[in-house]
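First up is the structure itself, then whatever we jot down about it.
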Amino acid sequence: MSVMSRVDNLIEFGRLICTDLAQASSREWLETNGIGGYASSTIIGLNTRRYHGLLTAATKPPVGRLVLLSKLEETLVIDGGRFELGTNQYRGAIHPRGHQYLESFRLDPFPVFNYRIEDIRIEKSVFLVQGENTVVIQYLLSGLPSRDIGTLEVRPLIAFRDFHSTTHANDAIRREVETAPGRATITPYPDLPSLHFAHNAESIDSAGFWFYNFEYERERERGLDSSEDLYSPFLLRFKVGKEATGIVIASLIPHISGDAALLALQERKRRQKIIAAAPDRDALAEILSTAADQFIVARGERKSVIAGYPWFSDWGRDTMISLPGLTLVTGRYDDARNILRTFAPSMDQGMLPNRFPDAGEAPEYNTVDAALWMFHAVHEFLRYTRDYDFVRTDLYQPLTGILSWHERGTRYGIRLDSDGLLHAGELGVQLTWMDVKIGDWVVTPRTGKPVEIQALWYNALRVMEQLSTTFGDHDQAAHYSALAERTRARFAQVFWNEAEGCLHDVISETGVDSSIRPNQIFAVSLPYPLLPPDHALRVVEVVERDLLTPYGLRTLSPRDSNYRGRYGGDSRSRDSAYHQGTVWPWLLGPFSTAYVRVHGSSAEARDRAGQFLEPLRSHLWEAGLGQISEVFDGDPPYRPGGCIAQAWSVAEVLRTYIEDALGRRPEFPAMTA
């Protein structure tokens with residue numbers, strides 16, 4: 001077995017990595033269920049995060065997430081010998097060290113662990129059932145001499161807590177286990193759901209007890225609570241002979257162990273369809289299409305987008321930026337319609353929710369760009385579908401309302417100024433995508449007139465000008481056209497920074513912020529560019545020179561005194577670097593689009609766009625397997641950080657690969673200013 005396999009789209013690791021604790025524990029797998037729930041751990045089953053677990057259920061889909069089943073501890077008992085397959089980190093110790101038996105790990109299509117103890121092989125697979133809070137774990141044992149009979153002991157360890165928290169031993173837990181043939185049910189706390197275990201074990205031991213002081217290394221590095229106690233409610237014993245299959249199904253709804261085979265078949269077929277529908281037969285397109293599916297979730301009868309795993313919910317800005325890559329490039333047009341239908345009614349005072357909170361409270365309206373990104377999402381939706389009837393019926397009036405509110409003014413000082421530019425922000429408030437706030441400190445306040453907000457505003461006006469014309473609303477079309485011309489004229493006057501050959505980042509009443517940041521790239525990459533060709537080319541050149549890395553764009557030039565090249569440490573340290581130099585992969589999308597555009601969409605430019613993405617091919621075998629991380633360090637070796645799977649990272653890399661590198665961009669009548 002090789003160290004890692006890159007045959008087609010199979011992600012696989014051999015014994016050299018599986019038995020190397022440092023390398024194995026840095027690679028994490030992710031399973032999702034389409035309603036916000038997930039399962040995740042490392043390739044050796046060592047939980048390094050409080051977010052790791054075999055079943056994190058979305059009790060108020062796609063939020064209300066609870067870590068119910070943390071893990072299963074497995075022990076093979078043969079001739080009196082005990083071979084423990086688990087791997088845990090306790091204070092000062094790794095115990096047991098089951099990874100020493102792990103021959104390989106692969107995603108095929110879901111996590112498959114292959115253990116070997118002498119001639120005995122154990123293949124363990126894990127997957128979630130689409131649309132249910134259900135995890136299926138199967139063990140296939142082979143190689144046991146026919147004269148011997150062994151036992152596979154499987155002990156669940158439960159947390160039953162909010163996925164942002166940790167559990168500690170307590171006397172409030174209910175220890176009762178309701179048993180029936182092939183099933184065990186626990187209800188550890190009266191205000192939390194019951195968890196049903198279907199199994200085909202020969203016997204169950206209902207004696208429960210606590211396991212203490214599990215250590216989560218990634219949480220310790222992040223300066224967060226990194227210790228947890230887990231409770232084991234019972235022990236399952238499976239008798240094994242020459243060949244045997246053990247089944248455990250943990251779910252919020254009752255199952256029987258016999259369901260496992262059909263559920264596995266259905267899930268394989270579902271994923272095969274995703275791969276078959278990928279926009280290219282290349283491994284990058286197939287893996288990213290599979291990754292894209294993990295972010296699209298149900299919200300009631302409609303759809304939404306989880307911004308990132310393991311800890312984000314559905315965010316307005318992230319959803320609108322991600323929509324083209326997740327749903328249009330992949331041909332999931334009905335999902336695109338449903339996502340737009342989810343967010344359109346949620347508008348308030350011309351603003352889209354920044355996010356839907358985890359606990360299901362009222363949405364938060366504290367972003368200036370989420371609503372403006374919706375115009376871009378609609379533009380791209382029409383470019384792929386030409387479905388003007390849907391836009392007229394479901395979106396035209398809400399979009400008109402957004403512009404109307406912005407013209408007369410809405411929350412947080414968001415208003416159209418007399419010069420035709422959009423103002424946004426108040427003291428102590430962060431409204432753009434660079435939105436970190438530490439206590440009362442807004443790290444990148446960007447109050448005034450941020451450069452990308454003007455680009456988005458201009459594009460919104462042009463999109464509505466085109467829609468109004470199409471729908472026969474000619475007075476509105478003329479109004480939007482006039483506003484757009486004012487915006488373009490003023491933008492050219494105040495944002496060009498001749499000294500640096502690029503754009504200022506923010507214009508405000510107190511002065512000009514000339515920090516070299518990636519926000520200026522949107523004035524070139526969006527469908528209706530704001531710059532003449534010579535200035536657009538210079539912007540791309542400056543961004544490439546100062547901000548481009550192998551994994552995305554830095555958020556600040558290393559030449560800036562405020563630059564932070566490392567993203568790590570406790571919350572304050574991480575947050576203070578988040579937009580001060582940290583690299584964001586999603587920005588490769590707009591950068592590559594801009595690069596191809598200013599170079600005339602030549603074959604050479606498309607080849608270069610493909611080269612920009614090459615390092616991310618290797619990244620698919622690191623960190624979150626088959627996924628793209630949220631951020632990377634700004635300095636070499638560009639260590640990944642943040643979420644192991646980020647929606648707009650996947651979406652924009654997939655989109656730019658198909659549209660810019662491969663040149664498969666549907667034509668649209670109005671693509672220039």
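Residues are named by chain letter and number: chains run A, B, ... in the order of the structure tokens, numbers start at 1 in each chain, and ligands are numbered from 1 in the order shown.
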
Spatial neighbours of range 145-160 of chain A, 6 Å, only C-alpha atoms, chain gap at least 2 places, as JSON, numbers by chain: {"A": [67, 68, 69, 70, 71, 72, 73, 74, 75, 76, 77, 78, 167, 230, 231, 232, 235, 236, 237, 238, 239, 240, 241, 242]}

Within 10 Å of range 51-54 of chain A, counting only C-alpha atoms, which residues qualify if same-chain residues fewer than 6 places away don't, as a JSON list (two decimals) with all heavy atoms, in the first residue's frame?
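Printed below is out-v4.json as written:
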```json
[["chain", "number", "residue", "atom", "x", "y", "z"],
["A", 28, "GLU", "N", -8.53, 14.90, 8.47],
["A", 28, "GLU", "CA", -9.87, 14.74, 9.03],
["A", 28, "GLU", "C", -10.86, 14.42, 7.92],
["A", 28, "GLU", "O", -10.78, 14.96, 6.82],
["A", 28, "GLU", "CB", -10.29, 16.01, 9.77],
["A", 28, "GLU", "CG", -9.32, 16.42, 10.87],
["A", 28, "GLU", "CD", -9.66, 17.76, 11.48],
["A", 28, "GLU", "OE1", -10.83, 17.96, 11.87],
["A", 28, "GLU", "OE2", -8.76, 18.63, 11.57],
["A", 29, "TRP", "N", -11.79, 13.53, 8.24],
["A", 29, "TRP", "CA", -12.86, 13.20, 7.29],
["A", 29, "TRP", "C", -14.16, 13.84, 7.76],
["A", 29, "TRP", "O", -14.33, 14.18, 8.92],
["A", 29, "TRP", "CB", -13.02, 11.69, 7.14],
["A", 29, "TRP", "CG", -13.23, 10.94, 8.43],
["A", 29, "TRP", "CD1", -12.28, 10.35, 9.21],
["A", 29, "TRP", "CD2", -14.49, 10.70, 9.09],
["A", 29, "TRP", "NE1", -12.85, 9.75, 10.31],
["A", 29, "TRP", "CE2", -14.20, 9.95, 10.26],
["A", 29, "TRP", "CE3", -15.81, 11.03, 8.81],
["A", 29, "TRP", "CZ2", -15.21, 9.54, 11.15],
["A", 29, "TRP", "CZ3", -16.81, 10.63, 9.68],
["A", 29, "TRP", "CH2", -16.51, 9.90, 10.83],
["A", 30, "LEU", "N", -15.06, 14.01, 6.80],
["A", 30, "LEU", "CA", -16.35, 14.66, 7.08],
["A", 30, "LEU", "C", -17.45, 13.92, 6.34],
["A", 30, "LEU", "O", -17.34, 13.65, 5.14],
["A", 30, "LEU", "CB", -16.30, 16.12, 6.61],
["A", 30, "LEU", "CG", -17.62, 16.90, 6.65],
["A", 30, "LEU", "CD1", -18.03, 17.17, 8.09],
["A", 30, "LEU", "CD2", -17.48, 18.21, 5.87],
["A", 31, "GLU", "N", -18.50, 13.58, 7.08],
["A", 31, "GLU", "CA", -19.74, 13.05, 6.52],
["A", 31, "GLU", "C", -20.88, 14.00, 6.87],
["A", 31, "GLU", "O", -20.93, 14.50, 8.00],
["A", 31, "GLU", "CB", -20.05, 11.67, 7.10],
["A", 31, "GLU", "CG", -19.23, 10.54, 6.52],
["A", 31, "GLU", "CD", -19.69, 10.18, 5.13],
["A", 31, "GLU", "OE1", -20.82, 9.68, 4.99],
["A", 31, "GLU", "OE2", -18.93, 10.43, 4.19],
["A", 38, "TYR", "N", -23.75, 16.13, 10.92],
["A", 38, "TYR", "CA", -22.52, 15.62, 10.34],
["A", 38, "TYR", "C", -21.83, 14.64, 11.27],
["A", 38, "TYR", "O", -22.18, 14.51, 12.45],
["A", 38, "TYR", "CB", -21.55, 16.78, 10.00],
["A", 38, "TYR", "CG", -21.02, 17.52, 11.20],
["A", 38, "TYR", "CD1", -19.87, 17.08, 11.86],
["A", 38, "TYR", "CD2", -21.64, 18.67, 11.67],
["A", 38, "TYR", "CE1", -19.36, 17.75, 12.96],
["A", 38, "TYR", "CE2", -21.14, 19.36, 12.76],
["A", 38, "TYR", "CZ", -20.01, 18.89, 13.41],
["A", 38, "TYR", "OH", -19.52, 19.55, 14.51],
["A", 39, "ALA", "N", -20.84, 13.95, 10.74],
["A", 39, "ALA", "CA", -19.91, 13.12, 11.49],
["A", 39, "ALA", "C", -18.52, 13.51, 11.03],
["A", 39, "ALA", "O", -18.32, 13.81, 9.85],
["A", 39, "ALA", "CB", -20.16, 11.63, 11.25],
["A", 40, "SER", "N", -17.56, 13.50, 11.95],
["A", 40, "SER", "CA", -16.21, 13.89, 11.58],
["A", 40, "SER", "C", -15.23, 13.42, 12.62],
["A", 40, "SER", "O", -15.54, 13.36, 13.82],
["A", 40, "SER", "CB", -16.12, 15.43, 11.44],
["A", 40, "SER", "OG", -14.83, 15.82, 11.01],
["A", 41, "SER", "N", -14.03, 13.07, 12.17],
["A", 41, "SER", "CA", -12.93, 12.73, 13.06],
["A", 41, "SER", "C", -11.67, 12.68, 12.22],
["A", 41, "SER", "O", -11.66, 13.13, 11.06],
["A", 41, "SER", "CB", -13.18, 11.39, 13.77],
["A", 41, "SER", "OG", -12.17, 11.15, 14.75],
["A", 42, "THR", "N", -10.60, 12.13, 12.79],
["A", 42, "THR", "CA", -9.37, 11.94, 12.03],
["A", 42, "THR", "C", -9.39, 10.56, 11.39],
["A", 42, "THR", "O", -10.24, 9.73, 11.70],
["A", 42, "THR", "CB", -8.15, 12.08, 12.95],
["A", 42, "THR", "OG1", -8.18, 11.03, 13.92],
["A", 42, "THR", "CG2", -8.16, 13.42, 13.66],
["A", 45, "GLY", "N", -9.52, 7.84, 13.92],
["A", 45, "GLY", "CA", -10.57, 7.87, 14.92],
["A", 45, "GLY", "C", -10.20, 8.61, 16.19],
["A", 45, "GLY", "O", -10.93, 8.55, 17.18],
["A", 66, "LEU", "N", -26.27, 19.01, 18.02],
["A", 66, "LEU", "CA", -25.85, 18.37, 19.26],
["A", 66, "LEU", "C", -24.91, 17.21, 18.94],
["A", 66, "LEU", "O", -25.20, 16.38, 18.08],
["A", 66, "LEU", "CB", -27.06, 17.81, 20.02],
["A", 66, "LEU", "CG", -28.19, 18.78, 20.39],
["A", 66, "LEU", "CD1", -29.35, 18.00, 21.00],
["A", 66, "LEU", "CD2", -27.70, 19.84, 21.35],
["A", 67, "VAL", "N", -23.76, 17.18, 19.64],
["A", 67, "VAL", "CA", -22.90, 16.01, 19.55],
["A", 67, "VAL", "C", -23.49, 14.94, 20.45],
["A", 67, "VAL", "O", -23.47, 15.06, 21.67],
["A", 67, "VAL", "CB", -21.46, 16.32, 19.98],
["A", 67, "VAL", "CG1", -20.60, 15.06, 19.91],
["A", 67, "VAL", "CG2", -20.86, 17.41, 19.11],
["A", 68, "LEU", "N", -24.07, 13.90, 19.85],
["A", 68, "LEU", "CA", -24.71, 12.83, 20.62],
["A", 68, "LEU", "C", -23.74, 11.67, 20.81],
["A", 68, "LEU", "O", -23.35, 11.35, 21.93],
["A", 68, "LEU", "CB", -25.98, 12.37, 19.91],
["A", 68, "LEU", "CG", -27.05, 13.46, 19.70],
["A", 68, "LEU", "CD1", -28.26, 12.88, 18.98],
["A", 68, "LEU", "CD2", -27.47, 14.08, 21.03],
["A", 69, "LEU", "N", -23.35, 11.04, 19.72],
["A", 69, "LEU", "CA", -22.42, 9.91, 19.78],
["A", 69, "LEU", "C", -21.02, 10.41, 19.44],
["A", 69, "LEU", "O", -20.74, 10.79, 18.31],
["A", 69, "LEU", "CB", -22.85, 8.82, 18.81],
["A", 69, "LEU", "CG", -21.96, 7.58, 18.73],
["A", 69, "LEU", "CD1", -21.86, 6.87, 20.08],
["A", 69, "LEU", "CD2", -22.47, 6.63, 17.65],
["A", 70, "SER", "N", -20.15, 10.43, 20.43],
["A", 70, "SER", "CA", -18.80, 10.92, 20.21],
["A", 70, "SER", "C", -17.97, 9.92, 19.44],
["A", 70, "SER", "O", -17.31, 10.25, 18.46],
["A", 70, "SER", "CB", -18.13, 11.26, 21.54],
["A", 70, "SER", "OG", -16.83, 11.74, 21.34],
["A", 71, "LYS", "N", -17.98, 8.65, 19.89],
["A", 71, "LYS", "CA", -17.20, 7.64, 19.20],
["A", 71, "LYS", "C", -17.60, 6.26, 19.68],
["A", 71, "LYS", "O", -18.40, 6.12, 20.62],
["A", 71, "LYS", "CB", -15.70, 7.87, 19.42],
["A", 71, "LYS", "CG", -15.24, 7.72, 20.85],
["A", 71, "LYS", "CD", -13.75, 8.07, 20.99],
["A", 71, "LYS", "CE", -12.91, 7.35, 19.97],
["A", 71, "LYS", "NZ", -11.47, 7.61, 20.05],
["A", 72, "LEU", "N", -17.06, 5.25, 19.04],
["A", 72, "LEU", "CA", -17.20, 3.87, 19.47],
["A", 72, "LEU", "C", -15.81, 3.32, 19.79],
["A", 72, "LEU", "O", -14.88, 3.47, 18.99],
["A", 72, "LEU", "CB", -17.84, 3.01, 18.38],
["A", 72, "LEU", "CG", -19.26, 3.38, 17.95],
["A", 72, "LEU", "CD1", -19.69, 2.50, 16.77],
["A", 72, "LEU", "CD2", -20.25, 3.23, 19.09],
["A", 126, "VAL", "N", -18.19, 3.94, 7.82],
["A", 126, "VAL", "CA", -19.05, 4.91, 8.50],
["A", 126, "VAL", "C", -19.71, 5.78, 7.46],
["A", 126, "VAL", "O", -19.04, 6.32, 6.57],
["A", 126, "VAL", "CB", -18.24, 5.80, 9.46],
["A", 126, "VAL", "CG1", -19.14, 6.83, 10.13],
["A", 126, "VAL", "CG2", -17.51, 4.98, 10.51],
["A", 127, "PHE", "N", -21.03, 5.95, 7.55],
["A", 127, "PHE", "CA", -21.70, 6.93, 6.69],
["A", 127, "PHE", "C", -22.96, 7.43, 7.38],
["A", 127, "PHE", "O", -23.51, 6.79, 8.28],
["A", 127, "PHE", "CB", -22.03, 6.35, 5.32],
["A", 127, "PHE", "CG", -23.09, 5.28, 5.30],
["A", 127, "PHE", "CD1", -24.43, 5.60, 5.13],
["A", 127, "PHE", "CD2", -22.75, 3.94, 5.45],
["A", 127, "PHE", "CE1", -25.41, 4.61, 5.11],
["A", 127, "PHE", "CE2", -23.71, 2.95, 5.43],
["A", 127, "PHE", "CZ", -25.05, 3.29, 5.27],
["A", 128, "LEU", "N", -23.41, 8.60, 6.94],
["A", 128, "LEU", "CA", -24.67, 9.17, 7.42],
["A", 128, "LEU", "C", -25.75, 8.96, 6.37],
["A", 128, "LEU", "O", -25.48, 8.90, 5.18],
["A", 128, "LEU", "CB", -24.53, 10.67, 7.69],
["A", 128, "LEU", "CG", -23.58, 11.10, 8.81],
["A", 128, "LEU", "CD1", -23.75, 12.59, 9.09],
["A", 128, "LEU", "CD2", -23.80, 10.31, 10.08],
["A", 134, "THR", "N", -28.88, 10.02, 11.36],
["A", 134, "THR", "CA", -28.60, 8.59, 11.48],
["A", 134, "THR", "C", -27.20, 8.30, 10.99],
["A", 134, "THR", "O", -26.82, 8.71, 9.89],
["A", 134, "THR", "CB", -29.60, 7.77, 10.63],
["A", 134, "THR", "OG1", -30.93, 8.01, 11.09],
["A", 134, "THR", "CG2", -29.31, 6.28, 10.72],
["A", 135, "VAL", "N", -26.42, 7.57, 11.80],
["A", 135, "VAL", "CA", -25.10, 7.11, 11.38],
["A", 135, "VAL", "C", -25.10, 5.59, 11.36],
["A", 135, "VAL", "O", -25.66, 4.94, 12.24],
["A", 135, "VAL", "CB", -23.98, 7.64, 12.30],
["A", 135, "VAL", "CG1", -24.15, 7.18, 13.74],
["A", 135, "VAL", "CG2", -22.60, 7.24, 11.77],
["A", 136, "VAL", "N", -24.49, 5.03, 10.31],
["A", 136, "VAL", "CA", -24.40, 3.59, 10.14],
["A", 136, "VAL", "C", -22.93, 3.19, 10.20],
["A", 136, "VAL", "O", -22.12, 3.70, 9.43],
["A", 136, "VAL", "CB", -25.02, 3.13, 8.81],
["A", 136, "VAL", "CG1", -24.92, 1.61, 8.67],
["A", 136, "VAL", "CG2", -26.48, 3.59, 8.71],
["A", 137, "ILE", "N", -22.60, 2.29, 11.11],
["A", 137, "ILE", "CA", -21.24, 1.77, 11.25],
["A", 137, "ILE", "C", -21.28, 0.27, 11.03],
["A", 137, "ILE", "O", -22.08, -0.43, 11.66],
["A", 137, "ILE", "CB", -20.63, 2.08, 12.63],
["A", 137, "ILE", "CG1", -20.70, 3.58, 12.93],
["A", 137, "ILE", "CG2", -19.19, 1.60, 12.71],
["A", 137, "ILE", "CD1", -21.83, 3.97, 13.85],
["A", 156, "PRO", "N", -20.18, 2.32, 22.96],
["A", 156, "PRO", "CA", -20.47, 3.72, 22.60],
["A", 156, "PRO", "C", -20.01, 4.68, 23.69],
["A", 156, "PRO", "O", -20.16, 4.39, 24.89],
["A", 156, "PRO", "CB", -22.00, 3.75, 22.46],
["A", 156, "PRO", "CG", -22.42, 2.32, 22.38],
["A", 156, "PRO", "CD", -21.41, 1.54, 23.15],
["A", 157, "LEU", "N", -19.48, 5.81, 23.28],
["A", 157, "LEU", "CA", -19.16, 6.91, 24.19],
["A", 157, "LEU", "C", -19.98, 8.11, 23.75],
["A", 157, "LEU", "O", -19.87, 8.56, 22.60],
["A", 157, "LEU", "CB", -17.67, 7.24, 24.15],
["A", 157, "LEU", "CG", -16.71, 6.14, 24.60],
["A", 157, "LEU", "CD1", -15.27, 6.62, 24.50],
["A", 157, "LEU", "CD2", -17.02, 5.69, 26.02],
["A", 158, "ILE", "N", -20.81, 8.62, 24.64],
["A", 158, "ILE", "CA", -21.74, 9.68, 24.28],
["A", 158, "ILE", "C", -21.37, 10.99, 24.96],
["A", 158, "ILE", "O", -20.77, 11.01, 26.03],
["A", 158, "ILE", "CB", -23.19, 9.30, 24.63],
["A", 158, "ILE", "CG1", -23.36, 9.12, 26.15],
["A", 158, "ILE", "CG2", -23.63, 8.04, 23.88],
["A", 158, "ILE", "CD1", -24.80, 9.00, 26.59],
["A", 159, "ALA", "N", -21.73, 12.10, 24.31],
["A", 159, "ALA", "CA", -21.51, 13.44, 24.87],
["A", 159, "ALA", "C", -22.83, 14.12, 25.21],
["A", 159, "ALA", "O", -22.98, 14.68, 26.28],
["A", 159, "ALA", "CB", -20.72, 14.29, 23.87],
["A", 162, "ASP", "N", -24.44, 20.58, 23.27],
["A", 162, "ASP", "CA", -24.29, 21.50, 22.16],
["A", 162, "ASP", "C", -22.91, 21.32, 21.55],
["A", 162, "ASP", "O", -21.92, 21.10, 22.25],
["A", 162, "ASP", "CB", -24.47, 22.93, 22.65],
["A", 162, "ASP", "CG", -24.30, 23.94, 21.53],
["A", 162, "ASP", "OD1", -25.28, 24.23, 20.84],
["A", 162, "ASP", "OD2", -23.15, 24.44, 21.36],
["A", 163, "PHE", "N", -22.82, 21.44, 20.22],
["A", 163, "PHE", "CA", -21.56, 21.10, 19.56],
["A", 163, "PHE", "C", -20.46, 22.12, 19.81],
["A", 163, "PHE", "O", -19.30, 21.87, 19.48],
["A", 163, "PHE", "CB", -21.78, 20.84, 18.08],
["A", 163, "PHE", "CG", -22.01, 22.05, 17.19],
["A", 163, "PHE", "CD1", -21.53, 22.06, 15.89],
["A", 163, "PHE", "CD2", -22.70, 23.15, 17.63],
["A", 163, "PHE", "CE1", -21.74, 23.14, 15.06],
["A", 163, "PHE", "CE2", -22.91, 24.24, 16.81],
["A", 163, "PHE", "CZ", -22.43, 24.23, 15.52],
["A", 164, "HIS", "N", -20.79, 23.27, 20.40],
["A", 164, "HIS", "CA", -19.77, 24.24, 20.77],
["A", 164, "HIS", "C", -19.23, 24.01, 22.18],
["A", 164, "HIS", "O", -18.32, 24.73, 22.61],
["A", 164, "HIS", "CB", -20.33, 25.66, 20.70],
["A", 164, "HIS", "CG", -20.68, 26.14, 19.33],
["A", 164, "HIS", "ND1", -19.79, 26.14, 18.28],
["A", 164, "HIS", "CD2", -21.84, 26.66, 18.82],
["A", 164, "HIS", "CE1", -20.37, 26.64, 17.20],
["A", 164, "HIS", "NE2", -21.61, 26.95, 17.50],
["A", 165, "SER", "N", -19.79, 23.06, 22.91],
["A", 165, "SER", "CA", -19.48, 22.89, 24.33],
["A", 165, "SER", "C", -18.68, 21.61, 24.56],
["A", 165, "SER", "O", -18.27, 20.93, 23.62],
["A", 165, "SER", "CB", -20.78, 22.85, 25.14],
["A", 165, "SER", "OG", -21.58, 23.99, 24.88],
["A", 166, "THR", "N", -18.48, 21.28, 25.83],
["A", 166, "THR", "CA", -17.89, 20.00, 26.22],
["A", 166, "THR", "C", -18.70, 19.44, 27.38],
["A", 166, "THR", "O", -19.35, 20.17, 28.12],
["A", 166, "THR", "CB", -16.42, 20.13, 26.65],
["A", 166, "THR", "OG1", -16.31, 21.15, 27.64],
["A", 166, "THR", "CG2", -15.53, 20.47, 25.47],
["A", 216, "TYR", "N", -8.51, 17.27, 23.59],
["A", 216, "TYR", "CA", -8.70, 17.65, 22.20],
["A", 216, "TYR", "C", -7.62, 18.65, 21.80],
["A", 216, "TYR", "O", -7.70, 19.84, 22.15],
["A", 216, "TYR", "CB", -10.10, 18.22, 21.98],
["A", 216, "TYR", "CG", -11.21, 17.26, 22.36],
["A", 216, "TYR", "CD1", -12.35, 17.71, 23.03],
["A", 216, "TYR", "CD2", -11.12, 15.91, 22.05],
["A", 216, "TYR", "CE1", -13.38, 16.83, 23.36],
["A", 216, "TYR", "CE2", -12.14, 15.03, 22.38],
["A", 216, "TYR", "CZ", -13.26, 15.49, 23.04],
["A", 216, "TYR", "OH", -14.27, 14.61, 23.38],
["A", 219, "GLU", "N", -8.42, 22.00, 19.98],
["A", 219, "GLU", "CA", -9.07, 23.00, 20.84],
["A", 219, "GLU", "C", -8.04, 23.63, 21.79],
["A", 219, "GLU", "O", -8.11, 24.83, 22.08],
["A", 219, "GLU", "CB", -10.21, 22.36, 21.64],
["A", 219, "GLU", "CG", -11.26, 21.68, 20.79],
["A", 219, "GLU", "CD", -11.85, 22.58, 19.73],
["A", 219, "GLU", "OE1", -12.14, 23.76, 20.03],
["A", 219, "GLU", "OE2", -12.01, 22.13, 18.58],
["A", 250, "ALA", "N", -26.90, 4.19, 14.86],
["A", 250, "ALA", "CA", -27.31, 5.14, 15.90],
["A", 250, "ALA", "C", -28.14, 6.23, 15.25],
["A", 250, "ALA", "O", -27.70, 6.84, 14.27],
["A", 250, "ALA", "CB", -26.09, 5.72, 16.60],
["A", 309, "TYR", "N", -17.88, 23.66, 7.82],
["A", 309, "TYR", "CA", -17.87, 22.63, 8.85],
["A", 309, "TYR", "C", -16.50, 22.65, 9.52],
["A", 309, "TYR", "O", -15.49, 22.86, 8.87],
["A", 309, "TYR", "CB", -18.10, 21.25, 8.23],
["A", 309, "TYR", "CG", -19.48, 21.04, 7.65],
["A", 309, "TYR", "CD1", -19.71, 21.21, 6.30],
["A", 309, "TYR", "CD2", -20.55, 20.68, 8.47],
["A", 309, "TYR", "CE1", -20.97, 21.00, 5.76],
["A", 309, "TYR", "CE2", -21.82, 20.47, 7.93],
["A", 309, "TYR", "CZ", -22.02, 20.64, 6.58],
["A", 309, "TYR", "OH", -23.26, 20.44, 6.05],
["A", 310, "PRO", "N", -16.48, 22.46, 10.87],
["A", 310, "PRO", "CA", -17.60, 21.91, 11.63],
["A", 310, "PRO", "C", -18.46, 22.91, 12.39],
["A", 310, "PRO", "O", -19.42, 22.48, 13.04],
["A", 310, "PRO", "CB", -16.88, 21.01, 12.64],
["A", 310, "PRO", "CG", -15.58, 21.69, 12.90],
["A", 310, "PRO", "CD", -15.19, 22.34, 11.59],
["A", 311, "TRP", "N", -18.21, 24.23, 12.36],
["A", 311, "TRP", "CA", -18.93, 25.06, 13.33],
["A", 311, "TRP", "C", -19.85, 26.15, 12.77],
["A", 311, "TRP", "O", -20.61, 26.74, 13.52],
["A", 311, "TRP", "CB", -17.96, 25.71, 14.32],
["A", 311, "TRP", "CG", -16.80, 26.44, 13.71],
["A", 311, "TRP", "CD1", -16.83, 27.65, 13.06],
["A", 311, "TRP", "CD2", -15.44, 26.01, 13.71],
["A", 311, "TRP", "NE1", -15.58, 27.99, 12.65],
["A", 311, "TRP", "CE2", -14.69, 27.01, 13.04],
["A", 311, "TRP", "CE3", -14.78, 24.90, 14.22],
["A", 311, "TRP", "CZ2", -13.31, 26.92, 12.86],
["A", 311, "TRP", "CZ3", -13.42, 24.81, 14.04],
["A", 311, "TRP", "CH2", -12.69, 25.80, 13.38]]
```

I want to know what sits within 8 Å of Thr342 in chain A, based on only C-alpha atoms, with residues of the same chain fewer than 2 positions away left out; could you give that as a PyMOL selection string? chain A and resi 299+302-304+338-340+344-346

Keeping C-alpha atoms, export the residues of the selection given above as an mmCIF file, in the first residue's frame.
```
data_model
loop_
_atom_site.group_PDB
_atom_site.id
_atom_site.type_symbol
_atom_site.label_atom_id
_atom_site.label_comp_id
_atom_site.auth_asym_id
_atom_site.auth_seq_id
_atom_site.Cartn_x
_atom_site.Cartn_y
_atom_site.Cartn_z
ATOM 1 C CA ARG A 299 -34.162 24.530 5.790
ATOM 2 C CA ARG A 302 -36.441 24.791 1.021
ATOM 3 C CA LYS A 303 -32.652 24.788 0.798
ATOM 4 C CA SER A 304 -29.793 26.707 2.341
ATOM 5 C CA ASN A 338 -34.775 26.884 -3.503
ATOM 6 C CA ILE A 339 -31.834 28.683 -1.904
ATOM 7 C CA LEU A 340 -32.902 31.988 -3.420
ATOM 8 C CA ALA A 344 -35.667 36.389 -0.473
ATOM 9 C CA PRO A 345 -38.501 36.407 2.118
ATOM 10 C CA SER A 346 -35.989 36.891 4.950
#
```

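Atom pair CA of Ala278 in chain A / CA of Tyr657 in chain A has a distance of 12.2 Å (rounded to one decimal).
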
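Between CA of Glu12 in chain A and CA of Asp633 in chain A lies a distance of 25.9 Å.
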
Near Glu465 in chain A, counting only C-alpha atoms, which residues have an atom at most 7 Å away, once you skip same-chain residues fewer than 3 positions from it, shown as number ranges by chain? A: 461-462, 468-469, 477, 480-481
